[in-house]
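Participant: Contents are mmCIF, N, CA and C atoms; file name entry02.cif:
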data_coords
loop_
_atom_site.label_atom_id
_atom_site.label_comp_id
_atom_site.auth_asym_id
_atom_site.auth_seq_id
_atom_site.Cartn_x
_atom_site.Cartn_y
_atom_site.Cartn_z
N MET Y 1 95.99 83.46 85.88
CA MET Y 1 95.97 84.69 86.62
C MET Y 1 95.11 85.71 85.88
N THR Y 2 94.29 86.39 86.61
CA THR Y 2 93.47 87.44 86.04
C THR Y 2 94.12 88.78 86.33
N SER Y 3 94.27 89.61 85.31
CA SER Y 3 94.84 90.94 85.49
C SER Y 3 93.75 91.98 85.39
N HIS Y 4 93.95 93.08 86.06
CA HIS Y 4 93.03 94.20 86.03
C HIS Y 4 93.72 95.37 85.35
N GLU Y 5 92.94 96.36 84.99
CA GLU Y 5 93.49 97.57 84.40
C GLU Y 5 94.42 98.25 85.40
N PRO Y 6 95.54 98.79 84.92
CA PRO Y 6 96.44 99.52 85.82
C PRO Y 6 95.77 100.74 86.42
N THR Y 7 96.13 101.03 87.64
CA THR Y 7 95.66 102.22 88.34
C THR Y 7 96.90 102.92 88.88
N THR Y 8 96.70 104.00 89.61
CA THR Y 8 97.84 104.66 90.23
C THR Y 8 97.59 104.80 91.72
N ASP Y 9 98.68 104.87 92.48
CA ASP Y 9 98.56 105.08 93.92
C ASP Y 9 98.61 106.58 94.21
N LYS Y 10 98.65 106.94 95.49
CA LYS Y 10 98.63 108.35 95.89
C LYS Y 10 99.88 109.11 95.45
N THR Y 11 100.95 108.40 95.08
CA THR Y 11 102.16 109.07 94.61
C THR Y 11 102.17 109.22 93.10
N GLY Y 12 101.17 108.61 92.43
CA GLY Y 12 101.11 108.64 90.97
C GLY Y 12 101.78 107.44 90.32
N ALA Y 13 102.35 106.54 91.12
CA ALA Y 13 102.98 105.35 90.57
C ALA Y 13 101.92 104.38 90.05
N ALA Y 14 102.21 103.77 88.91
CA ALA Y 14 101.29 102.80 88.32
C ALA Y 14 101.22 101.55 89.19
N THR Y 15 100.02 101.01 89.34
CA THR Y 15 99.82 99.78 90.10
C THR Y 15 98.94 98.84 89.29
N SER Y 16 98.98 97.58 89.63
CA SER Y 16 98.13 96.59 89.00
C SER Y 16 97.80 95.50 90.02
N VAL Y 17 96.56 95.01 89.97
CA VAL Y 17 96.13 93.94 90.86
C VAL Y 17 95.83 92.72 90.00
N ARG Y 18 96.30 91.56 90.46
CA ARG Y 18 96.02 90.32 89.74
C ARG Y 18 95.72 89.21 90.74
N ASP Y 19 94.93 88.26 90.28
CA ASP Y 19 94.62 87.08 91.08
C ASP Y 19 95.68 86.03 90.78
N SER Y 20 96.50 85.73 91.75
CA SER Y 20 97.47 84.66 91.62
C SER Y 20 96.81 83.41 92.19
N ALA Y 21 96.02 82.75 91.36
CA ALA Y 21 95.19 81.63 91.81
C ALA Y 21 96.02 80.51 92.44
N SER Y 22 97.20 80.25 91.90
CA SER Y 22 98.02 79.16 92.45
C SER Y 22 98.46 79.46 93.88
N ALA Y 23 98.61 80.74 94.21
CA ALA Y 23 98.98 81.14 95.57
C ALA Y 23 97.76 81.46 96.42
N GLN Y 24 96.58 81.44 95.82
CA GLN Y 24 95.32 81.78 96.49
C GLN Y 24 95.41 83.16 97.14
N ARG Y 25 95.80 84.12 96.31
CA ARG Y 25 95.86 85.49 96.79
C ARG Y 25 95.85 86.46 95.61
N TYR Y 26 95.34 87.65 95.89
CA TYR Y 26 95.44 88.76 94.96
C TYR Y 26 96.70 89.51 95.33
N GLU Y 27 97.43 89.95 94.31
CA GLU Y 27 98.66 90.69 94.55
C GLU Y 27 98.56 92.06 93.89
N ILE Y 28 99.08 93.06 94.56
CA ILE Y 28 99.18 94.39 93.97
C ILE Y 28 100.64 94.66 93.70
N THR Y 29 100.92 95.04 92.46
CA THR Y 29 102.28 95.36 92.08
C THR Y 29 102.38 96.85 91.81
N VAL Y 30 103.58 97.37 91.99
CA VAL Y 30 103.87 98.76 91.71
C VAL Y 30 104.69 98.81 90.43
N ASP Y 31 104.44 99.83 89.66
CA ASP Y 31 105.05 100.06 88.35
C ASP Y 31 104.18 99.49 87.24
N GLY Y 32 103.06 98.84 87.59
CA GLY Y 32 102.07 98.43 86.61
C GLY Y 32 102.48 97.34 85.63
N THR Y 33 103.58 96.66 85.90
CA THR Y 33 104.01 95.60 84.99
C THR Y 33 103.86 94.26 85.69
N ALA Y 34 103.76 93.22 84.89
CA ALA Y 34 103.59 91.88 85.45
C ALA Y 34 104.76 91.51 86.36
N ASP Y 35 105.94 92.04 86.06
CA ASP Y 35 107.08 91.73 86.91
C ASP Y 35 107.46 92.92 87.81
N GLY Y 36 106.47 93.80 88.06
CA GLY Y 36 106.67 94.89 89.01
C GLY Y 36 106.84 94.34 90.42
N VAL Y 37 107.16 95.21 91.32
CA VAL Y 37 107.37 94.83 92.72
C VAL Y 37 106.03 94.50 93.36
N VAL Y 38 105.92 93.31 93.97
CA VAL Y 38 104.71 92.96 94.72
C VAL Y 38 104.74 93.74 96.03
N ALA Y 39 103.81 94.67 96.14
CA ALA Y 39 103.78 95.55 97.31
C ALA Y 39 102.85 95.03 98.39
N GLY Y 40 101.93 94.15 98.02
CA GLY Y 40 101.00 93.62 99.01
C GLY Y 40 100.15 92.51 98.42
N PHE Y 41 99.37 91.88 99.30
CA PHE Y 41 98.52 90.78 98.86
C PHE Y 41 97.33 90.63 99.80
N ALA Y 42 96.31 89.99 99.26
CA ALA Y 42 95.11 89.63 100.03
C ALA Y 42 94.88 88.14 99.82
N GLU Y 43 95.06 87.37 100.88
CA GLU Y 43 94.93 85.91 100.80
C GLU Y 43 93.48 85.49 100.96
N TYR Y 44 93.12 84.42 100.26
CA TYR Y 44 91.76 83.89 100.33
C TYR Y 44 91.76 82.37 100.21
N ARG Y 45 90.65 81.81 100.58
CA ARG Y 45 90.36 80.40 100.32
C ARG Y 45 88.93 80.35 99.80
N ASP Y 46 88.67 79.45 98.87
CA ASP Y 46 87.32 79.28 98.34
C ASP Y 46 86.62 78.13 99.05
N ARG Y 47 85.38 78.38 99.46
CA ARG Y 47 84.59 77.42 100.23
C ARG Y 47 83.25 77.22 99.55
N VAL Y 48 82.90 75.97 99.28
CA VAL Y 48 81.59 75.68 98.70
C VAL Y 48 80.59 75.55 99.83
N ASP Y 49 79.50 76.33 99.71
CA ASP Y 49 78.43 76.31 100.71
C ASP Y 49 77.12 76.16 99.96
N GLY Y 50 76.66 74.92 99.86
CA GLY Y 50 75.44 74.66 99.08
C GLY Y 50 75.71 74.95 97.62
N ALA Y 51 74.88 75.81 97.03
CA ALA Y 51 75.04 76.17 95.62
C ALA Y 51 76.03 77.31 95.42
N ASP Y 52 76.47 77.94 96.50
CA ASP Y 52 77.37 79.09 96.41
C ASP Y 52 78.82 78.70 96.66
N THR Y 53 79.70 79.46 96.04
CA THR Y 53 81.12 79.38 96.38
C THR Y 53 81.48 80.69 97.05
N GLU Y 54 81.99 80.59 98.26
CA GLU Y 54 82.41 81.76 99.02
C GLU Y 54 83.90 81.98 98.84
N ARG Y 55 84.29 83.20 98.59
CA ARG Y 55 85.70 83.56 98.59
C ARG Y 55 85.95 84.21 99.94
N VAL Y 56 86.63 83.46 100.81
CA VAL Y 56 86.87 83.87 102.19
C VAL Y 56 88.23 84.58 102.26
N PHE Y 57 88.18 85.90 102.45
CA PHE Y 57 89.40 86.70 102.57
C PHE Y 57 89.81 86.71 104.04
N PHE Y 58 91.04 86.22 104.32
CA PHE Y 58 91.43 86.09 105.73
C PHE Y 58 92.67 86.87 106.12
N HIS Y 59 93.43 87.39 105.16
CA HIS Y 59 94.64 88.13 105.53
C HIS Y 59 95.01 89.07 104.39
N THR Y 60 95.24 90.34 104.74
CA THR Y 60 95.70 91.33 103.77
C THR Y 60 96.91 92.03 104.36
N GLU Y 61 97.89 92.25 103.50
CA GLU Y 61 99.14 92.84 103.97
C GLU Y 61 99.75 93.71 102.87
N VAL Y 62 100.24 94.88 103.26
CA VAL Y 62 101.01 95.74 102.37
C VAL Y 62 102.35 95.98 103.05
N ALA Y 63 103.44 95.83 102.30
CA ALA Y 63 104.78 96.02 102.85
C ALA Y 63 104.93 97.43 103.41
N ASP Y 64 105.63 97.53 104.54
CA ASP Y 64 105.80 98.82 105.23
C ASP Y 64 106.29 99.93 104.31
N GLU Y 65 107.21 99.60 103.41
CA GLU Y 65 107.77 100.65 102.55
C GLU Y 65 106.76 101.22 101.55
N PHE Y 66 105.59 100.57 101.44
CA PHE Y 66 104.53 101.06 100.55
C PHE Y 66 103.35 101.63 101.33
N GLY Y 67 103.49 101.76 102.63
CA GLY Y 67 102.41 102.26 103.46
C GLY Y 67 102.03 103.70 103.14
N GLY Y 68 100.76 104.04 103.37
CA GLY Y 68 100.28 105.41 103.19
C GLY Y 68 100.00 105.81 101.76
N ARG Y 69 100.06 104.85 100.84
CA ARG Y 69 99.89 105.17 99.42
C ARG Y 69 98.52 104.75 98.89
N GLY Y 70 97.67 104.20 99.78
CA GLY Y 70 96.34 103.78 99.34
C GLY Y 70 96.31 102.42 98.65
N LEU Y 71 97.40 101.68 98.75
CA LEU Y 71 97.47 100.39 98.05
C LEU Y 71 96.53 99.35 98.63
N ALA Y 72 96.36 99.34 99.94
CA ALA Y 72 95.47 98.34 100.56
C ALA Y 72 94.03 98.53 100.06
N THR Y 73 93.59 99.78 99.99
CA THR Y 73 92.23 100.04 99.52
C THR Y 73 92.06 99.63 98.06
N THR Y 74 93.04 99.97 97.23
CA THR Y 74 92.99 99.57 95.81
C THR Y 74 92.98 98.06 95.69
N LEU Y 75 93.84 97.40 96.43
CA LEU Y 75 93.93 95.94 96.41
C LEU Y 75 92.60 95.30 96.79
N VAL Y 76 92.03 95.72 97.90
CA VAL Y 76 90.78 95.14 98.38
C VAL Y 76 89.65 95.42 97.40
N ARG Y 77 89.53 96.65 96.94
CA ARG Y 77 88.45 96.99 96.00
C ARG Y 77 88.52 96.12 94.74
N GLU Y 78 89.70 96.01 94.16
CA GLU Y 78 89.82 95.23 92.92
C GLU Y 78 89.63 93.73 93.16
N ALA Y 79 90.09 93.24 94.31
CA ALA Y 79 89.88 91.83 94.64
C ALA Y 79 88.39 91.53 94.80
N LEU Y 80 87.68 92.41 95.50
CA LEU Y 80 86.24 92.21 95.70
C LEU Y 80 85.48 92.36 94.39
N ASP Y 81 85.89 93.31 93.56
CA ASP Y 81 85.24 93.47 92.25
C ASP Y 81 85.41 92.20 91.41
N ASP Y 82 86.61 91.63 91.45
CA ASP Y 82 86.87 90.41 90.69
C ASP Y 82 86.04 89.24 91.23
N ALA Y 83 86.01 89.08 92.55
CA ALA Y 83 85.22 87.99 93.15
C ALA Y 83 83.75 88.13 92.79
N ARG Y 84 83.22 89.34 92.88
CA ARG Y 84 81.81 89.57 92.55
C ARG Y 84 81.55 89.29 91.07
N ALA Y 85 82.45 89.73 90.19
CA ALA Y 85 82.29 89.49 88.75
C ALA Y 85 82.28 88.00 88.42
N ARG Y 86 82.97 87.20 89.22
CA ARG Y 86 83.00 85.75 89.02
C ARG Y 86 81.81 85.05 89.66
N GLY Y 87 80.94 85.81 90.31
CA GLY Y 87 79.76 85.22 90.94
C GLY Y 87 80.05 84.57 92.28
N LEU Y 88 81.18 84.92 92.89
CA LEU Y 88 81.54 84.36 94.19
C LEU Y 88 80.93 85.21 95.31
N VAL Y 89 80.65 84.57 96.42
CA VAL Y 89 80.15 85.27 97.60
C VAL Y 89 81.36 85.70 98.43
N ILE Y 90 81.41 86.96 98.81
CA ILE Y 90 82.54 87.52 99.54
C ILE Y 90 82.31 87.37 101.04
N VAL Y 91 83.32 86.82 101.74
CA VAL Y 91 83.28 86.74 103.20
C VAL Y 91 84.56 87.40 103.72
N GLY Y 92 84.40 88.47 104.47
CA GLY Y 92 85.54 89.25 104.95
C GLY Y 92 85.95 88.90 106.37
N VAL Y 93 86.74 87.86 106.54
CA VAL Y 93 87.29 87.52 107.84
C VAL Y 93 88.40 88.50 108.20
N CYS Y 94 89.20 88.88 107.23
CA CYS Y 94 90.27 89.85 107.43
C CYS Y 94 89.67 91.17 107.90
N PRO Y 95 90.20 91.76 108.98
CA PRO Y 95 89.64 93.02 109.48
C PRO Y 95 89.63 94.15 108.44
N LEU Y 96 90.63 94.20 107.59
CA LEU Y 96 90.68 95.24 106.57
C LEU Y 96 89.55 95.06 105.55
N VAL Y 97 89.34 93.83 105.11
CA VAL Y 97 88.26 93.54 104.16
C VAL Y 97 86.91 93.79 104.82
N ALA Y 98 86.76 93.36 106.08
CA ALA Y 98 85.50 93.58 106.81
C ALA Y 98 85.20 95.07 106.93
N ALA Y 99 86.20 95.88 107.26
CA ALA Y 99 86.00 97.33 107.39
C ALA Y 99 85.65 97.94 106.04
N PHE Y 100 86.28 97.47 104.98
CA PHE Y 100 85.97 97.98 103.64
C PHE Y 100 84.52 97.67 103.29
N LEU Y 101 84.08 96.45 103.56
CA LEU Y 101 82.70 96.06 103.27
C LEU Y 101 81.71 96.91 104.06
N GLU Y 102 82.05 97.20 105.30
CA GLU Y 102 81.17 98.02 106.14
C GLU Y 102 81.05 99.44 105.58
N LYS Y 103 82.14 99.98 105.06
CA LYS Y 103 82.14 101.34 104.53
C LYS Y 103 81.55 101.43 103.12
N HIS Y 104 81.40 100.30 102.46
CA HIS Y 104 80.94 100.28 101.07
C HIS Y 104 79.74 99.35 100.91
N PRO Y 105 78.55 99.85 101.26
CA PRO Y 105 77.35 99.02 101.20
C PRO Y 105 77.00 98.53 99.79
N GLU Y 106 77.64 99.10 98.77
CA GLU Y 106 77.37 98.64 97.41
C GLU Y 106 77.84 97.21 97.17
N TYR Y 107 78.60 96.65 98.10
CA TYR Y 107 79.04 95.26 98.00
C TYR Y 107 78.12 94.30 98.75
N ALA Y 108 77.10 94.83 99.42
CA ALA Y 108 76.22 94.00 100.26
C ALA Y 108 75.57 92.86 99.48
N ASP Y 109 75.27 93.09 98.21
CA ASP Y 109 74.62 92.06 97.40
C ASP Y 109 75.52 90.84 97.17
N ALA Y 110 76.84 91.03 97.30
CA ALA Y 110 77.78 89.95 97.04
C ALA Y 110 78.46 89.43 98.30
N ALA Y 111 78.13 90.01 99.46
CA ALA Y 111 78.84 89.65 100.69
C ALA Y 111 77.94 88.87 101.64
N ARG Y 112 78.58 88.11 102.48
CA ARG Y 112 77.91 87.33 103.52
C ARG Y 112 78.68 87.54 104.82
N PRO Y 113 77.96 87.64 105.95
CA PRO Y 113 78.67 87.82 107.23
C PRO Y 113 79.52 86.60 107.58
N VAL Y 114 80.52 86.85 108.38
CA VAL Y 114 81.37 85.77 108.88
C VAL Y 114 80.56 84.95 109.88
N SER Y 115 80.59 83.63 109.73
CA SER Y 115 79.87 82.74 110.65
C SER Y 115 80.86 81.84 111.37
N ARG Y 116 80.37 81.19 112.42
CA ARG Y 116 81.21 80.21 113.13
C ARG Y 116 81.62 79.08 112.20
N ASP Y 117 80.71 78.68 111.31
CA ASP Y 117 81.03 77.62 110.35
C ASP Y 117 82.22 78.01 109.47
N VAL Y 118 82.20 79.25 108.98
CA VAL Y 118 83.29 79.72 108.13
C VAL Y 118 84.59 79.75 108.92
N LEU Y 119 84.56 80.27 110.14
CA LEU Y 119 85.77 80.34 110.95
C LEU Y 119 86.34 78.96 111.26
N GLY Y 120 85.48 78.01 111.59
CA GLY Y 120 85.92 76.64 111.83
C GLY Y 120 86.52 76.02 110.59
N TRP Y 121 85.87 76.21 109.46
CA TRP Y 121 86.35 75.70 108.18
C TRP Y 121 87.72 76.30 107.86
N LEU Y 122 87.86 77.61 108.05
CA LEU Y 122 89.12 78.29 107.76
C LEU Y 122 90.24 77.77 108.64
N ARG Y 123 89.96 77.56 109.93
CA ARG Y 123 90.99 76.99 110.83
C ARG Y 123 91.46 75.63 110.33
N ARG Y 124 90.51 74.82 109.87
CA ARG Y 124 90.88 73.49 109.36
C ARG Y 124 91.72 73.61 108.07
N GLN Y 125 91.45 74.59 107.25
CA GLN Y 125 92.20 74.79 106.02
C GLN Y 125 93.64 75.19 106.29
N GLN Y 126 93.83 75.91 107.37
CA GLN Y 126 95.17 76.45 107.67
C GLN Y 126 96.01 75.52 108.53
N SER Y 127 95.43 74.42 108.98
CA SER Y 127 96.24 73.50 109.82
C SER Y 127 96.76 72.34 109.03
#
Could I get this file's structure written as structure tokens?
Facilitator:
Amino acid sequence: MTSHEPTTDKTGAATSVRDSASAQRYEITVDGTADGVVAGFAEYRDRVDGADTERVFFHTEVADEFGGRGLATTLVREALDDARARGLVIVGVCPLVAAFLEKHPEYADAARPVSRDVLGWLRRQQS
């Protein structure tokens, strides 16, 4: 698991994002500790496409009781930063990730549009 530097949410509570590779998802915890409460996650699958490995983000969720605190944005930003640092190509199937990528053109160098091939591959992975 890769851990990131702790950050804070809109309430000032400490948060931390980590890649839980065994679960194929990034998790954001509140209270900034490894055993803090998991408030949300961004699920992904890795797909090899030629010489590139794509990290396909397909579902992001933050628990209702943590809504409005900016956790989804923190989670997505740190997940994408981690994927880019690892040299992975980001594919935002998840509407939240796609919207984030659209609002943040600084990720364009590491992102690829969603294609029919990716969607078909993802459906096969989930069945």
Participant: If we count only C-alpha atoms, what is near Pro95 of chain Y at a cut-off of 12 Å, once residues fewer than 5 positions away on the same chain are taken out, given as a ChimeraX atom specification?
Facilitator: /Y:42,57-61,72,76,100-102,114
Participant: Quick check for you: according to DSSP on this backbone, which residues of chain Y are classed as strand (DSSP E or B)? Reply as a ChimeraX atom specification.
Facilitator: /Y:2-3,7-8,14-20,25-30,37-49,52-62,89-92,111
Participant: Would you list the residues near (77.0, 87.0, 98.3) (no more than 7 Å away, in the coordinates of the file, using all atoms listed in the file) as a list in words?
Facilitator: Leu88, Val89, Ile90, Ala108, Asp109, Ala110, Ala111 and Arg112 of chain Y
Participant: Those residues you just picked out, can you put them in a file as a CSV table (one decimal), in the frame of the given file with N, CA and C atoms?
Facilitator:
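Everything below was put into result_32.csv:
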chain,number,residue,atom,x,y,z
Y,88,LEU,N,81.2,84.9,92.9
Y,88,LEU,CA,81.5,84.4,94.2
Y,88,LEU,C,80.9,85.2,95.3
Y,89,VAL,N,80.6,84.6,96.4
Y,89,VAL,CA,80.2,85.3,97.6
Y,89,VAL,C,81.4,85.7,98.4
Y,90,ILE,N,81.4,87.0,98.8
Y,90,ILE,CA,82.5,87.5,99.5
Y,90,ILE,C,82.3,87.4,101.0
Y,108,ALA,N,77.1,94.8,99.4
Y,108,ALA,CA,76.2,94.0,100.3
Y,108,ALA,C,75.6,92.9,99.5
Y,109,ASP,N,75.3,93.1,98.2
Y,109,ASP,CA,74.6,92.1,97.4
Y,109,ASP,C,75.5,90.8,97.2
Y,110,ALA,N,76.8,91.0,97.3
Y,110,ALA,CA,77.8,90.0,97.0
Y,110,ALA,C,78.5,89.4,98.3
Y,111,ALA,N,78.1,90.0,99.5
Y,111,ALA,CA,78.8,89.6,100.7
Y,111,ALA,C,77.9,88.9,101.6
Y,112,ARG,N,78.6,88.1,102.5
Y,112,ARG,CA,77.9,87.3,103.5
Y,112,ARG,C,78.7,87.5,104.8
Participant: Atom CA of Asp49 of chain Y and atom N of Glu78 of chain Y, how far apart in Å?
Facilitator: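 Taking atom N of Glu78 of chain Y and atom CA of Asp49 of chain Y, their separation equals 23.6 Å.
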Participant: Around (101.0, 84.9, 93.4) in the file's frame, which residues reach within 12 Å when counting only C-alpha atoms? Return as a PyMOL selection string?
Facilitator: chain Y and resi 1-3+17-29+34-35+37-44
Participant: Please define a box with edges along x, y and z of the file around all atoms of segment 55-68 of chain Y given in the file, extend it by 8 Å on each side, and return its centre and edge lengths in Å to one decimal, as AutoDock Vina command-line options.
Facilitator:
--center_x 96.0 --center_y 94.5 --center_z 102.4 --size_x 39.5 --size_y 38.6 --size_z 23.5
Participant: Can you pull out the residues contacting Thr73 of chain Y? Cut-off 10 Å, using only C-alpha atoms, and skip same-chain residues under 3 positions away; I want them as a list of chain:residue names.
Facilitator: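 Counting only C-alpha atoms, the residues come to Y:Asp9, Y:Arg69, Y:Gly70, Y:Val76, Y:Arg77, Y:Glu78, Y:Ala79, Y:Leu96, Y:Val97, Y:Phe100.
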Participant: What separation in Å, quoted to one decimal, exists between atom N of Asp82 of chain Y and atom C of Arg116 of chain Y?
Facilitator: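 Computing it gives 24.8 Å between the two atoms.
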Participant: Enter the distance from atom C of Asp52 of chain Y to atom C of His104 of chain Y, in Å, rounded to one decimal.
Facilitator: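 Rounded to one decimal, the two atoms are 21.1 Å apart.
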